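Q: Structure file upload00.txt, compact mmCIF, C-alpha atoms, is pasted below:
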# COMPACT_ATOMS: atom_id res chain seq x y z
CA MET O 1 102.92 -145.39 51.05
CA LYS O 2 103.49 -144.46 54.68
CA ILE O 3 103.57 -147.19 57.34
CA VAL O 4 102.20 -146.02 60.70
CA GLU O 5 102.41 -148.07 63.90
CA THR O 6 100.88 -145.77 66.52
CA VAL O 7 97.38 -144.44 67.06
CA GLU O 8 98.67 -140.94 67.79
CA GLU O 9 100.62 -140.64 64.54
CA LEU O 10 97.74 -141.94 62.45
CA GLN O 11 95.24 -139.56 64.04
CA THR O 12 97.58 -136.63 63.41
CA ILE O 13 97.89 -137.55 59.72
CA VAL O 14 94.14 -138.05 59.24
CA LYS O 15 93.26 -134.79 61.04
CA GLU O 16 95.60 -132.89 58.72
CA ALA O 17 94.06 -134.59 55.67
CA LYS O 18 90.56 -133.69 56.81
CA ARG O 19 91.56 -130.09 57.34
CA ASN O 20 92.31 -130.14 53.63
CA GLU O 21 88.83 -131.63 53.03
CA SER O 22 90.23 -134.95 51.84
CA VAL O 23 87.82 -137.90 51.71
CA VAL O 24 89.23 -140.81 53.72
CA GLY O 25 88.50 -144.39 52.62
CA PHE O 26 89.29 -147.22 55.04
CA VAL O 27 89.99 -150.92 54.41
CA PRO O 28 90.34 -152.88 57.68
CA THR O 29 92.07 -156.28 57.41
CA MET O 30 93.85 -158.90 59.48
CA GLY O 31 96.57 -159.15 56.86
CA PHE O 32 97.69 -162.11 54.76
CA LEU O 33 96.30 -160.10 51.87
CA HIS O 34 94.74 -161.62 48.76
CA GLU O 35 92.87 -160.42 45.68
CA GLY O 36 89.72 -159.79 47.66
CA HIS O 37 91.49 -157.24 49.87
CA ILE O 38 93.05 -155.59 46.83
CA SER O 39 89.63 -155.24 45.21
CA LEU O 40 88.45 -153.34 48.30
CA VAL O 41 91.36 -150.93 47.87
CA GLU O 42 90.39 -150.45 44.22
CA HIS O 43 86.84 -149.56 45.25
CA ALA O 44 88.16 -147.16 47.90
CA GLN O 45 90.46 -145.42 45.44
CA LYS O 46 87.54 -144.52 43.19
CA GLU O 47 85.73 -142.67 45.98
CA SER O 48 88.51 -141.38 48.24
CA ASP O 49 91.39 -138.95 48.25
CA ILE O 50 93.32 -141.00 50.82
CA VAL O 51 93.11 -144.78 51.34
CA VAL O 52 93.98 -146.13 54.78
CA MET O 53 94.42 -149.87 55.25
CA SER O 54 94.85 -151.46 58.66
CA ILE O 55 96.53 -154.79 59.36
CA PHE O 56 95.77 -156.03 62.84
CA VAL O 57 95.17 -159.58 64.02
CA ASN O 58 92.58 -158.96 66.71
CA PRO O 59 92.84 -161.30 69.72
CA LEU O 60 89.33 -160.44 70.94
CA GLN O 61 87.66 -162.31 68.08
CA PHE O 62 89.49 -165.61 68.64
CA GLY O 63 87.72 -168.22 70.76
CA PRO O 64 89.40 -170.55 73.29
CA ASN O 65 89.79 -173.29 70.66
CA GLU O 66 91.07 -170.95 67.97
CA ASP O 67 94.81 -170.38 67.87
CA PHE O 68 95.52 -166.65 67.69
CA ASP O 69 99.28 -167.30 67.52
CA ARG O 70 98.96 -169.56 64.48
CA TYR O 71 97.00 -167.08 62.38
CA PRO O 72 99.09 -166.53 59.19
CA ARG O 73 101.17 -163.35 59.14
CA ASN O 74 103.56 -161.99 56.52
CA PHE O 75 103.92 -158.25 56.89
CA GLU O 76 106.70 -157.85 54.31
CA ARG O 77 104.53 -159.44 51.63
CA ASP O 78 101.41 -157.58 52.80
CA SER O 79 103.12 -154.19 52.76
CA ARG O 80 104.40 -154.81 49.24
CA LEU O 81 100.93 -155.78 48.01
CA ALA O 82 99.34 -152.81 49.76
CA LYS O 83 101.85 -150.39 48.24
CA ASN O 84 101.39 -151.84 44.75
CA ALA O 85 97.62 -151.58 45.14
CA GLY O 86 97.87 -147.86 45.91
CA VAL O 87 97.28 -147.74 49.66
CA ASP O 88 98.38 -144.34 51.00
CA ILE O 89 98.65 -145.16 54.71
CA LEU O 90 99.19 -148.63 56.15
CA PHE O 91 98.23 -148.75 59.82
CA TYR O 92 100.12 -151.61 61.49
CA PRO O 93 99.67 -151.48 65.27
CA ASN O 94 100.66 -154.24 67.67
CA VAL O 95 98.34 -155.62 70.35
CA LYS O 96 99.84 -153.36 73.04
CA GLU O 97 99.13 -150.30 70.92
CA MET O 98 95.49 -151.28 70.33
CA TYR O 99 94.88 -152.57 73.86
CA PRO O 100 97.36 -150.78 76.15
CA THR O 101 95.35 -151.95 79.17
CA GLU O 102 92.92 -154.80 79.72
CA PRO O 103 89.69 -153.57 78.07
CA ALA O 104 87.17 -152.41 80.67
CA MET O 105 84.32 -152.87 78.20
CA LYS O 106 83.49 -154.26 74.80
CA VAL O 107 80.63 -154.27 72.29
CA ILE O 108 78.10 -157.05 72.86
CA VAL O 109 76.20 -158.05 69.71
CA HIS O 110 72.70 -159.34 70.45
CA GLU O 111 71.20 -159.74 66.98
CA GLY O 112 72.24 -161.94 64.09
CA VAL O 113 75.06 -163.85 65.80
CA ASP O 114 73.26 -167.10 66.66
CA VAL O 115 73.08 -168.13 63.00
CA LEU O 116 75.52 -168.93 60.16
CA CYS O 117 79.18 -168.73 61.26
CA GLY O 118 78.30 -167.05 64.54
CA LYS O 119 76.41 -170.12 65.72
CA SER O 120 79.63 -172.10 66.19
CA ARG O 121 81.76 -169.13 67.30
CA PRO O 122 80.14 -167.58 70.39
CA GLY O 123 81.63 -164.18 71.20
CA HIS O 124 83.41 -163.89 67.86
CA PHE O 125 81.33 -160.99 66.59
CA ASP O 126 81.62 -159.18 69.93
CA GLY O 127 85.37 -159.09 69.26
CA VAL O 128 84.86 -158.03 65.64
CA ALA O 129 82.48 -155.22 66.55
CA THR O 130 84.74 -153.99 69.37
CA VAL O 131 87.86 -153.73 67.23
CA VAL O 132 86.00 -152.19 64.27
CA LEU O 133 84.48 -149.56 66.58
CA LYS O 134 87.99 -148.77 67.87
CA LEU O 135 89.35 -148.55 64.33
CA PHE O 136 86.49 -146.28 63.23
CA ASN O 137 87.27 -143.96 66.16
CA ILE O 138 90.99 -144.00 65.36
CA VAL O 139 90.78 -143.56 61.59
CA THR O 140 87.52 -141.52 61.43
CA PRO O 141 86.95 -142.56 57.81
CA ASP O 142 84.26 -141.20 55.55
CA ARG O 143 83.73 -144.63 53.98
CA ALA O 144 84.74 -148.12 55.09
CA TYR O 145 85.01 -151.02 52.66
CA PHE O 146 84.14 -154.64 53.49
CA GLY O 147 83.78 -157.71 51.29
CA MET O 148 80.32 -159.25 50.98
CA LYS O 149 81.87 -162.72 51.13
CA ASP O 150 81.73 -162.15 54.90
CA ALA O 151 78.15 -160.91 54.71
CA GLN O 152 77.34 -161.74 58.34
CA GLN O 153 80.20 -159.50 59.44
CA VAL O 154 78.95 -156.74 57.14
CA ALA O 155 75.46 -157.04 58.64
CA VAL O 156 76.79 -156.81 62.20
CA ILE O 157 78.87 -153.73 61.40
CA GLU O 158 76.02 -152.10 59.48
CA LYS O 159 73.79 -152.40 62.55
CA MET O 160 76.56 -151.14 64.84
CA ILE O 161 76.93 -148.03 62.66
CA ARG O 162 73.15 -147.52 62.87
CA ASP O 163 72.79 -148.14 66.60
CA PHE O 164 75.77 -145.99 67.65
CA ASN O 165 75.19 -143.22 65.07
CA ILE O 166 78.70 -143.60 63.70
CA GLN O 167 79.42 -141.10 60.93
CA VAL O 168 80.81 -143.49 58.35
CA THR O 169 79.31 -145.00 55.22
CA LEU O 170 79.74 -148.76 54.96
CA VAL O 171 80.40 -150.00 51.42
CA GLY O 172 79.81 -153.71 50.86
CA CYS O 173 81.88 -154.84 47.88
CA PRO O 174 81.01 -157.84 45.66
CA THR O 175 82.62 -161.22 46.19
CA LEU O 176 85.46 -161.94 43.77
CA ARG O 177 85.07 -165.25 41.94
CA GLU O 178 87.10 -167.61 39.80
CA GLU O 179 85.88 -168.17 36.24
CA ASP O 180 83.95 -171.25 37.38
CA GLY O 181 82.17 -169.28 40.13
CA LEU O 182 84.15 -170.40 43.19
CA ALA O 183 84.60 -167.50 45.60
CA LYS O 184 88.25 -166.48 45.80
CA SER O 185 89.79 -167.31 49.16
CA SER O 186 93.21 -167.96 50.61
CA ARG O 187 91.75 -171.26 51.86
CA ASN O 188 91.20 -172.59 48.32
CA VAL O 189 94.85 -173.70 48.11
CA ASN O 190 94.09 -176.25 50.85
CA LEU O 191 91.63 -178.12 48.63
CA THR O 192 92.66 -181.35 46.91
CA GLY O 193 92.26 -181.46 43.13
CA GLU O 194 89.01 -183.42 43.47
CA GLU O 195 87.69 -181.07 46.16
CA ARG O 196 88.51 -178.05 44.01
CA GLU O 197 86.27 -179.41 41.24
CA GLU O 198 83.51 -180.28 43.72
CA ALA O 199 83.68 -176.83 45.34
CA THR O 200 82.16 -175.26 42.21
CA PHE O 201 78.85 -176.73 43.33
CA ILE O 202 78.78 -174.30 46.25
CA PHE O 203 78.11 -171.43 43.86
CA LYS O 204 75.97 -173.64 41.63
CA SER O 205 73.69 -174.33 44.59
CA LEU O 206 73.46 -170.58 45.27
CA GLU O 207 72.57 -170.02 41.63
CA LEU O 208 69.93 -172.73 41.95
CA ALA O 209 68.42 -170.79 44.85
CA ARG O 210 68.52 -167.59 42.80
CA LYS O 211 66.73 -169.35 39.92
CA ARG O 212 64.02 -170.83 42.15
CA ILE O 213 63.37 -167.48 43.85
CA THR O 214 63.27 -165.71 40.48
CA GLU O 215 60.72 -168.30 39.33
CA GLY O 216 58.53 -167.40 42.30
CA GLU O 217 59.38 -169.96 45.00
CA ARG O 218 59.07 -168.34 48.44
CA ASN O 219 59.30 -171.34 50.77
CA ALA O 220 62.75 -171.27 52.38
CA ALA O 221 62.71 -174.93 53.44
CA SER O 222 61.92 -176.13 49.92
CA ILE O 223 64.80 -174.14 48.42
CA LYS O 224 67.24 -175.34 51.10
CA ASP O 225 66.23 -178.96 50.44
CA GLU O 226 66.99 -178.57 46.73
CA MET O 227 70.36 -176.96 47.48
CA THR O 228 71.24 -179.72 49.95
CA THR O 229 70.37 -182.42 47.41
CA LEU O 230 72.55 -180.79 44.74
CA LEU O 231 75.54 -180.49 47.07
CA ASP O 232 75.18 -183.97 48.55
CA LYS O 233 75.10 -185.53 45.08
CA ASN O 234 78.16 -183.70 43.82
CA SER O 235 80.48 -183.21 46.78
CA SER O 236 82.43 -185.26 49.30
CA GLY O 237 82.46 -182.29 51.66
CA THR O 238 80.22 -181.91 54.70
CA ILE O 239 77.60 -179.19 54.77
CA ASP O 240 78.10 -177.05 57.87
CA TYR O 241 75.02 -174.98 57.12
CA ILE O 242 72.70 -173.87 54.35
CA ASP O 243 70.40 -171.06 55.37
CA ILE O 244 68.18 -168.34 53.97
CA LEU O 245 67.63 -165.34 56.23
CA SER O 246 66.37 -161.79 56.08
CA TYR O 247 69.21 -159.33 55.48
CA PRO O 248 70.74 -157.54 57.31
CA GLU O 249 68.52 -158.62 60.23
CA LEU O 250 69.57 -162.28 59.81
CA LYS O 251 66.21 -163.60 60.95
CA HIS O 252 64.56 -166.83 59.84
CA ARG O 253 61.50 -166.46 57.63
CA GLU O 254 59.43 -169.41 56.41
CA GLN O 255 58.09 -167.33 53.54
CA LEU O 256 60.67 -165.16 51.82
CA GLU O 257 60.19 -161.47 51.13
CA GLY O 258 62.30 -158.32 50.94
CA LYS O 259 66.07 -158.59 51.04
CA VAL O 260 67.43 -162.05 51.90
CA ILE O 261 70.79 -163.77 52.15
CA VAL O 262 71.32 -167.32 50.91
CA ALA O 263 74.44 -168.63 52.67
CA ILE O 264 76.51 -171.82 52.73
CA ALA O 265 79.45 -173.20 54.68
CA GLN O 266 81.03 -176.41 53.39
CA GLN O 267 83.74 -178.35 55.21
CA TYR O 268 86.38 -180.20 53.19
CA SER O 269 89.32 -182.24 54.49
CA LYS O 270 91.55 -179.22 55.16
CA ALA O 271 89.42 -176.19 54.30
CA ARG O 272 86.08 -174.71 55.32
CA LEU O 273 84.59 -172.56 52.58
CA ILE O 274 81.81 -170.00 52.92
CA ASP O 275 79.80 -168.25 50.25
CA ASN O 276 76.55 -166.35 49.87
CA ILE O 277 74.36 -164.24 47.63
CA VAL O 278 72.04 -161.42 48.70
CA LEU O 279 68.80 -161.04 46.79
CA ASP O 280 66.10 -158.36 46.84
CA ILE O 281 62.74 -160.03 46.39
CA LYS O 282 60.22 -157.63 44.91
Represent the structure contained in this file as structure tokens.

A:
Amino acid sequence: MKIVETVEELQTIVKEAKRNESVVGFVPTMGFLHEGHISLVEHAQKESDIVVMSIFVNPLQFGPNEDFDRYPRNFERDSRLAKNAGVDILFYPNVKEMYPTEPAMKVIVHEGVDVLCGKSRPGHFDGVATVVLKLFNIVTPDRAYFGMKDAQQVAVIEKMIRDFNIQVTLVGCPTLREEDGLAKSSRNVNLTGEEREEATFIFKSLELARKRITEGERNAASIKDEMTTLLDKNSSGTIDYIDILSYPELKHREQLEGKVIVAIAQQYSKARLIDNIVLDIK
């Protein structure tokens, strides 16, 4: 595995690879890697000749009350995990390399950011879209791999690719889960023993929604009420949101049809967990 810290060096390597008609797969991350990131690499390896992973903690997506400096970082561990997973090129730029001058412009996301996690993080997805656009231009990948656990992010990037005619295929990869259904996350270690048991009801409530939709229920409010009741009865956590939206448009629909996302955020004492399922209603 080659570690690259500059845009110029990375672009030189990728251009040479493309001259040899190599397919480039790209896994963008902010580091502090876990099994979910590694699963993205595994997907990329199956479809690519060269796998590029980036590790960059992007200051543009942190709000005024979110501490950019406290975001967890451990490059030695991350580089070891990336190498063991089979990453070919690890792109590790610093902030000065990515933003050598104060940005004169950025991407402004107008659709799908006033719901779910975006509702409480104004401007967050502007920062996400801006850095991902920069990374796409730097890496010029054929395919880019994102986890569906962050389905709102995937939707925003999918629409950015569409609107700006970016020549990259976005691959949304399934959420990795524990045996009891809990979505794997680095935040799970912050749960108490009791909270860890209760957290299984996040996925159980999503499965309840799946069952009700499969049975023919199309009223979003009714399904959300049932999910809320199940969680309230079985969890000490606080529901941040439960929502059912069209996907990837992320629009509210009273009567469900087409592709939809059922999404939850649950706040525990020291961890906020998110999860979702995407369903195609025939």

Q: Would you please work out which residue, of O:Thr29, O:Ser48, O:Thr200, O:Asn190, is nearest to Leu231 of chain O when using all atoms listed in the file?

A: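 Between O:Thr29, O:Ser48, O:Thr200, O:Asn190, the residue approaching Leu231 of chain O most closely is O:Thr200.
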
Q: For Val27 of chain O, find every residue with an atom within 9 Å (counting only C-alpha atoms), except residues of its own chain fewer than 4 positions away, and show them as a ChimeraX atom specification.

A: /O:37,40-41,44,51-54,143-146

Q: Using only C-alpha atoms, determine which residues lie at most 12 Å from Met227 of chain O, disregarding the query and same-chain residues fewer than 2 positions distant; provide the list as a ChimeraX atom specification.

A: /O:201-212,220-225,229-235,239,241-244,262-264

Q: Centre and edge lengths of an axis-aligned box around all listed atoms of segment 122-137 of chain O, with 5 Å added on each side, are to be given in Å to one decimal, as lines of an AutoDock Vina configuration file.

A:
center_x = 84.7
center_y = -155.8
center_z = 67.2
size_x = 19.2
size_y = 33.6
size_z = 18.0

Q: Can you tell me how far atom CA of Val107 of chain O sits from atom CA of Asp240 of chain O, in Å to one decimal?

A: 27.1 Å

Q: Which one is closest to His110 of chain O: O:Glu76, O:Asp163, O:Asp142, O:Glu42? Count all atoms listed in the file.

A: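 Selected residue with least distance to His110 of chain O: O:Asp163.
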
Q: Can you write segment 121-239 of chain O from the block above with C-alpha atoms, as a PDB file, in the first residue's frame?

A:
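The result, stored in result_27.pdb:
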ATOM      1  CA  ARG O 121     -27.071  20.292  11.423  1.00  0.00           C
ATOM      2  CA  PRO O 122     -27.608  23.254   9.071  1.00  0.00           C
ATOM      3  CA  GLY O 123     -24.814  23.544   6.521  1.00  0.00           C
ATOM      4  CA  HIS O 124     -23.421  20.101   7.291  1.00  0.00           C
ATOM      5  CA  PHE O 125     -24.281  18.591   3.919  1.00  0.00           C
ATOM      6  CA  ASP O 126     -22.953  21.659   2.094  1.00  0.00           C
ATOM      7  CA  GLY O 127     -19.573  20.769   3.605  1.00  0.00           C
ATOM      8  CA  VAL O 128     -19.991  17.078   2.765  1.00  0.00           C
ATOM      9  CA  ALA O 129     -20.939  17.766  -0.849  1.00  0.00           C
ATOM     10  CA  THR O 130     -18.098  20.277  -1.297  1.00  0.00           C
ATOM     11  CA  VAL O 131     -15.371  17.938  -0.062  1.00  0.00           C
ATOM     12  CA  VAL O 132     -16.757  14.926  -1.947  1.00  0.00           C
ATOM     13  CA  LEU O 133     -16.848  16.966  -5.169  1.00  0.00           C
ATOM     14  CA  LYS O 134     -13.207  17.950  -4.570  1.00  0.00           C
ATOM     15  CA  LEU O 135     -12.246  14.337  -3.887  1.00  0.00           C
ATOM     16  CA  PHE O 136     -14.051  13.125  -7.018  1.00  0.00           C
ATOM     17  CA  ASN O 137     -12.114  15.690  -9.074  1.00  0.00           C
ATOM     18  CA  ILE O 138      -8.821  14.692  -7.441  1.00  0.00           C
ATOM     19  CA  VAL O 139      -9.228  10.907  -7.587  1.00  0.00           C
ATOM     20  CA  THR O 140     -11.405  10.684 -10.754  1.00  0.00           C
ATOM     21  CA  PRO O 141     -12.710   7.263  -9.710  1.00  0.00           C
ATOM     22  CA  ASP O 142     -14.852   5.003 -11.845  1.00  0.00           C
ATOM     23  CA  ARG O 143     -16.866   3.912  -8.804  1.00  0.00           C
ATOM     24  CA  ALA O 144     -17.232   5.396  -5.319  1.00  0.00           C
ATOM     25  CA  TYR O 145     -18.391   3.331  -2.354  1.00  0.00           C
ATOM     26  CA  PHE O 146     -20.541   4.664   0.501  1.00  0.00           C
ATOM     27  CA  GLY O 147     -22.328   2.885   3.342  1.00  0.00           C
ATOM     28  CA  MET O 148     -26.128   2.976   3.356  1.00  0.00           C
ATOM     29  CA  LYS O 149     -26.088   3.464   7.125  1.00  0.00           C
ATOM     30  CA  ASP O 150     -25.595   7.141   6.202  1.00  0.00           C
ATOM     31  CA  ALA O 151     -28.387   6.996   3.636  1.00  0.00           C
ATOM     32  CA  GLN O 152     -29.074  10.744   3.720  1.00  0.00           C
ATOM     33  CA  GLN O 153     -25.457  11.392   2.758  1.00  0.00           C
ATOM     34  CA  VAL O 154     -25.739   8.834  -0.047  1.00  0.00           C
ATOM     35  CA  ALA O 155     -28.881  10.565  -1.337  1.00  0.00           C
ATOM     36  CA  VAL O 156     -27.204  13.985  -1.327  1.00  0.00           C
ATOM     37  CA  ILE O 157     -24.158  12.679  -3.204  1.00  0.00           C
ATOM     38  CA  GLU O 158     -26.303  10.737  -5.669  1.00  0.00           C
ATOM     39  CA  LYS O 159     -28.136  13.946  -6.591  1.00  0.00           C
ATOM     40  CA  MET O 160     -24.878  15.900  -6.813  1.00  0.00           C
ATOM     41  CA  ILE O 161     -23.522  13.329  -9.292  1.00  0.00           C
ATOM     42  CA  ARG O 162     -26.738  13.687 -11.309  1.00  0.00           C
ATOM     43  CA  ASP O 163     -26.924  17.477 -11.238  1.00  0.00           C
ATOM     44  CA  PHE O 164     -23.248  18.084 -12.066  1.00  0.00           C
ATOM     45  CA  ASN O 165     -22.934  15.213 -14.591  1.00  0.00           C
ATOM     46  CA  ILE O 166     -20.029  13.695 -12.682  1.00  0.00           C
ATOM     47  CA  GLN O 167     -18.660  10.602 -14.401  1.00  0.00           C
ATOM     48  CA  VAL O 168     -18.621   8.268 -11.428  1.00  0.00           C
ATOM     49  CA  THR O 169     -20.912   5.438 -10.390  1.00  0.00           C
ATOM     50  CA  LEU O 170     -22.055   5.636  -6.771  1.00  0.00           C
ATOM     51  CA  VAL O 171     -22.308   2.245  -5.053  1.00  0.00           C
ATOM     52  CA  GLY O 172     -24.391   2.186  -1.873  1.00  0.00           C
ATOM     53  CA  CYS O 173     -23.270  -0.743   0.272  1.00  0.00           C
ATOM     54  CA  PRO O 174     -25.489  -2.517   2.840  1.00  0.00           C
ATOM     55  CA  THR O 175     -25.314  -1.655   6.526  1.00  0.00           C
ATOM     56  CA  LEU O 176     -23.268  -4.129   8.554  1.00  0.00           C
ATOM     57  CA  ARG O 177     -25.138  -5.499  11.569  1.00  0.00           C
ATOM     58  CA  GLU O 178     -24.450  -7.443  14.741  1.00  0.00           C
ATOM     59  CA  GLU O 179     -26.150 -10.827  15.077  1.00  0.00           C
ATOM     60  CA  ASP O 180     -29.024  -9.197  16.973  1.00  0.00           C
ATOM     61  CA  GLY O 181     -29.572  -6.623  14.214  1.00  0.00           C
ATOM     62  CA  LEU O 182     -27.902  -3.567  15.756  1.00  0.00           C
ATOM     63  CA  ALA O 183     -26.083  -1.563  13.091  1.00  0.00           C
ATOM     64  CA  LYS O 184     -22.329  -1.705  13.641  1.00  0.00           C
ATOM     65  CA  SER O 185     -20.907   1.637  14.710  1.00  0.00           C
ATOM     66  CA  SER O 186     -17.907   2.961  16.568  1.00  0.00           C
ATOM     67  CA  ARG O 187     -20.431   4.698  18.853  1.00  0.00           C
ATOM     68  CA  ASN O 188     -21.829   1.394  20.162  1.00  0.00           C
ATOM     69  CA  VAL O 189     -18.965   1.110  22.681  1.00  0.00           C
ATOM     70  CA  ASN O 190     -20.393   4.190  24.428  1.00  0.00           C
ATOM     71  CA  LEU O 191     -23.608   2.367  25.331  1.00  0.00           C
ATOM     72  CA  THR O 192     -24.142   1.006  28.838  1.00  0.00           C
ATOM     73  CA  GLY O 193     -24.944  -2.705  29.117  1.00  0.00           C
ATOM     74  CA  GLU O 194     -28.646  -1.935  29.538  1.00  0.00           C
ATOM     75  CA  GLU O 195     -28.635   0.511  26.624  1.00  0.00           C
ATOM     76  CA  ARG O 196     -26.904  -2.046  24.406  1.00  0.00           C
ATOM     77  CA  GLU O 197     -29.771  -4.482  24.984  1.00  0.00           C
ATOM     78  CA  GLU O 198     -32.374  -1.765  24.415  1.00  0.00           C
ATOM     79  CA  ALA O 199     -30.680  -0.604  21.207  1.00  0.00           C
ATOM     80  CA  THR O 200     -31.752  -3.806  19.445  1.00  0.00           C
ATOM     81  CA  PHE O 201     -35.242  -2.326  19.321  1.00  0.00           C
ATOM     82  CA  ILE O 202     -34.032   0.268  16.820  1.00  0.00           C
ATOM     83  CA  PHE O 203     -33.744  -2.419  14.163  1.00  0.00           C
ATOM     84  CA  LYS O 204     -36.814  -4.234  15.498  1.00  0.00           C
ATOM     85  CA  SER O 205     -38.850  -1.086  14.918  1.00  0.00           C
ATOM     86  CA  LEU O 206     -37.490  -0.864  11.357  1.00  0.00           C
ATOM     87  CA  GLU O 207     -38.455  -4.488  10.819  1.00  0.00           C
ATOM     88  CA  LEU O 208     -41.916  -3.680  12.173  1.00  0.00           C
ATOM     89  CA  ALA O 209     -42.217  -0.970   9.525  1.00  0.00           C
ATOM     90  CA  ARG O 210     -41.053  -3.405   6.845  1.00  0.00           C
ATOM     91  CA  LYS O 211     -43.691  -5.931   7.981  1.00  0.00           C
ATOM     92  CA  ARG O 212     -46.518  -3.386   8.008  1.00  0.00           C
ATOM     93  CA  ILE O 213     -45.592  -2.079   4.551  1.00  0.00           C
ATOM     94  CA  THR O 214     -45.325  -5.639   3.209  1.00  0.00           C
ATOM     95  CA  GLU O 215     -48.798  -6.303   4.620  1.00  0.00           C
ATOM     96  CA  GLY O 216     -50.127  -3.344   2.642  1.00  0.00           C
ATOM     97  CA  GLU O 217     -50.098  -0.404   5.066  1.00  0.00           C
ATOM     98  CA  ARG O 218     -49.376   2.815   3.154  1.00  0.00           C
ATOM     99  CA  ASN O 219     -50.131   5.488   5.760  1.00  0.00           C
ATOM    100  CA  ALA O 220     -46.794   6.875   6.957  1.00  0.00           C
ATOM    101  CA  ALA O 221     -48.184   8.394  10.169  1.00  0.00           C
ATOM    102  CA  SER O 222     -49.739   5.102  11.260  1.00  0.00           C
ATOM    103  CA  ILE O 223     -46.483   3.198  10.761  1.00  0.00           C
ATOM    104  CA  LYS O 224     -44.462   5.862  12.601  1.00  0.00           C
ATOM    105  CA  ASP O 225     -46.896   5.719  15.537  1.00  0.00           C
ATOM    106  CA  GLU O 226     -46.428   1.950  15.837  1.00  0.00           C
ATOM    107  CA  MET O 227     -42.645   2.301  15.685  1.00  0.00           C
ATOM    108  CA  THR O 228     -42.685   5.041  18.328  1.00  0.00           C
ATOM    109  CA  THR O 229     -44.816   2.912  20.649  1.00  0.00           C
ATOM    110  CA  LEU O 230     -42.459  -0.059  20.310  1.00  0.00           C
ATOM    111  CA  LEU O 231     -39.374   2.042  21.048  1.00  0.00           C
ATOM    112  CA  ASP O 232     -40.943   3.967  23.922  1.00  0.00           C
ATOM    113  CA  LYS O 233     -41.998   0.729  25.624  1.00  0.00           C
ATOM    114  CA  ASN O 234     -38.603  -0.926  25.324  1.00  0.00           C
ATOM    115  CA  SER O 235     -35.990   1.807  25.556  1.00  0.00           C
ATOM    116  CA  SER O 236     -34.777   4.451  27.989  1.00  0.00           C
ATOM    117  CA  GLY O 237     -33.317   6.419  25.089  1.00  0.00           C
ATOM    118  CA  THR O 238     -34.891   9.504  23.550  1.00  0.00           C
ATOM    119  CA  ILE O 239     -36.180   9.390  20.000  1.00  0.00           C
TER     120      ILE O 239
END
